[in-house]
Amino acid sequence: MTKTILKAHELRVEFGGVTAVDKVTIEAHDNELIGLIGPNGAGKTTLFNLLTGVYKPTSGDVFIDDHDKLSQINQLSPYKRSQLGIARTFQNIRLFKSRTVIENVLIAMTAKNQSYPLQAILRTPKFYRNEAQNRQKALSLLKIFGMTGVADELANTLPYGQQRRLEIVRALATKPKILFLDEPAAGMNPQETAELTELIKQIQIQFKMTIVLIEHDMKLVMAVSERLYVLEYGKVLATGTPKEIQNNPAVIRAYLGEEG
Ligand SMILES: Nc1ncnc2c1ncn2[C@@H]1O[C@H](COP(=O)(O)OP(=O)(O)OP(=O)(O)O)[C@@H](O)[C@H]1O
């Protein structure tokens with residue numbers, strides 16, 4: 001039986017007079033890769049912000065799996081949601097640019113552990129033990145992504161494609177059960193996009209997590225998604241497999257305009 005990991009029920013948010021997300025109901029299952037597509041301004045990023053806690057809904061609910069039952073998380077902060085297993089990357093890269101690659105991963109790992117700052121201040125033996133273990137864990141994560149060679153480089157010296165890759169590694173370092181990727185291919189060249197496509201497939205196989213992906217690059221999104229939701233004017237216009245969506249006349253019209 002497929003287990004629901006994340007659910008939005010009739011989710012709605014208004015900014016002034018604009019309803020950016022309008023009664024959206026979606027579901028993501030265990031180990032499923034969901035693509036979220038739609039024309040510019042359709043409400044994709046706003047929906048991500050509602051699901052990850054940046055915005056609170058005007059109405060409707062967000063649920064996440066918590067020990068095998070769905071728990072309503074409408075009022076939880078992004079930090080609390082990350083403790084429940086939600087991680088994300090952003091459209092604009094948000095790395096600690098003047099920190100090294102491995103420091104970026106370590107910061108993400110320890111951010112979830114509330115007792116860590118106290119251990120760090122007191123410099124307990126446990127702190128040193130954890131430090132060494134975390135470094136090892138960070139290095140093995142970086143190894144999976146072919147980044148051990150740059151572990152001690154400053155994040156802002158990496159080429160663009162690798163910075164995006166590091167953002168994903170950093171999100172994975174929090175051991176999420178659901179990963180939100182907001183336009184991970186934005187600004188990438190075709191070679192980097194092809195590498196990213198393989199990377200996303202590999203993450204899903206190796207980490208067995210639920211992934212929700214916003215992406216404008218149709219080749220990428222169609223290659224990796226098992227199921228798609230199409231948003232238009234803040235509403236769900238269609239849902240289905242990539243093949244069903246590509247052949248859906250309403251979706252084709254939404255992308256091409258009335259004459260399409
Ligand atoms: N904080 C905000 N205040 C006011 N309006 C907003 C805010 N955030 C988003 N909007 C509006 O909500 C609508 C949906 O925007 P959103 O950025 O979610 O779309 P999108 O599908 O992610 O677009 P894109 O593909 O261009 O990134 C737009 O009309 C946008 O102008």
# chains A, B, ... in the order shown; residues from 1 in each chain; ligands from 1
$ residues_near_ligand --ligand "ligand 1" --cutoff "6 Å" --atoms "only C-alpha atoms and all ligand atoms" --output "PyMOL selection string"
chain A and resi 15+20+39-46
$ write_last_selection --atoms "C-alpha atoms" --output "PDB file, in the first residue's frame"
ATOM      1  CA  PHE A  15      -1.721  38.452  -0.838  1.00  0.00           C
ATOM      2  CA  ALA A  20      -1.733  33.080  -5.420  1.00  0.00           C
ATOM      3  CA  PRO A  39       3.254  28.820 -16.594  1.00  0.00           C
ATOM      4  CA  ASN A  40       5.049  31.757 -14.933  1.00  0.00           C
ATOM      5  CA  GLY A  41       3.088  33.132 -12.008  1.00  0.00           C
ATOM      6  CA  ALA A  42       0.947  29.959 -11.681  1.00  0.00           C
ATOM      7  CA  GLY A  43       1.687  29.708  -7.945  1.00  0.00           C
ATOM      8  CA  LYS A  44       4.344  26.971  -7.828  1.00  0.00           C
ATOM      9  CA  THR A  45       6.842  28.736  -5.568  1.00  0.00           C
ATOM     10  CA  THR A  46       4.043  30.061  -3.368  1.00  0.00           C
TER      11      THR A  46
END
$ residues_around --residues "A:Tyr160" --least-positions-apart "3" --cutoff "8 Å" --atoms "only C-alpha atoms" --output "PyMOL selection string"
chain A and resi 163-164+188
$ write_last_selection --atoms "N, CA and C atoms" --output "short mmCIF file (atom, residue, chain, number, x, y, z; two decimals), in the first residue's frame"
data_model
loop_
_atom_site.label_atom_id
_atom_site.label_comp_id
_atom_site.auth_asym_id
_atom_site.auth_seq_id
_atom_site.Cartn_x
_atom_site.Cartn_y
_atom_site.Cartn_z
N GLN A 163 27.58 24.52 -7.33
CA GLN A 163 26.91 25.21 -6.21
C GLN A 163 25.50 24.67 -6.04
N ARG A 164 24.83 24.45 -7.18
CA ARG A 164 23.47 23.90 -7.12
C ARG A 164 23.50 22.49 -6.54
N MET A 188 21.41 26.62 -15.54
CA MET A 188 22.40 25.61 -15.91
C MET A 188 22.53 25.48 -17.41
#
$ residues_around --residues "stretch 54-63 of chain A" --least-positions-apart "6" --cutoff "6 Å" --atoms "only C-alpha atoms" --output "MDAnalysis selection string"
chainID A and resid 6:13 70:74
$ write_last_selection --atoms "C-alpha atoms" --output "compact mmCIF listing (two decimals), in the first residue's frame"
# COMPACT_ATOMS: atom_id res chain seq x y z
CA LEU A 6 2.70 14.91 2.42
CA LYS A 7 -0.77 16.23 1.78
CA ALA A 8 -2.21 19.66 1.06
CA HIS A 9 -5.96 19.97 1.38
CA GLU A 10 -7.77 22.91 -0.27
CA LEU A 11 -4.78 25.11 0.42
CA ARG A 12 -5.29 28.77 -0.28
CA VAL A 13 -3.30 31.94 0.27
CA LEU A 70 -0.76 12.40 9.08
CA SER A 71 -0.15 15.38 11.33
CA GLN A 72 -1.46 18.87 10.54
CA ILE A 73 1.43 21.36 10.42
CA ASN A 74 -0.23 24.62 9.28
$ closest_residue --among "A:His29, A:Lys177, A:Arg135, A:Arg94" --to "A:Glu226" --atoms "only C-alpha atoms"
A:His29
$ select_by_dssp --residues "stretch 93-257 of chain A" --states "helix (DSSP H, G or I)" --output "VMD selection string"
chain A and resid 101 to 111 116 to 122 125 to 144 148 to 150 155 to 157 160 to 172 190 to 207 218 to 224 242 to 246 249 to 256
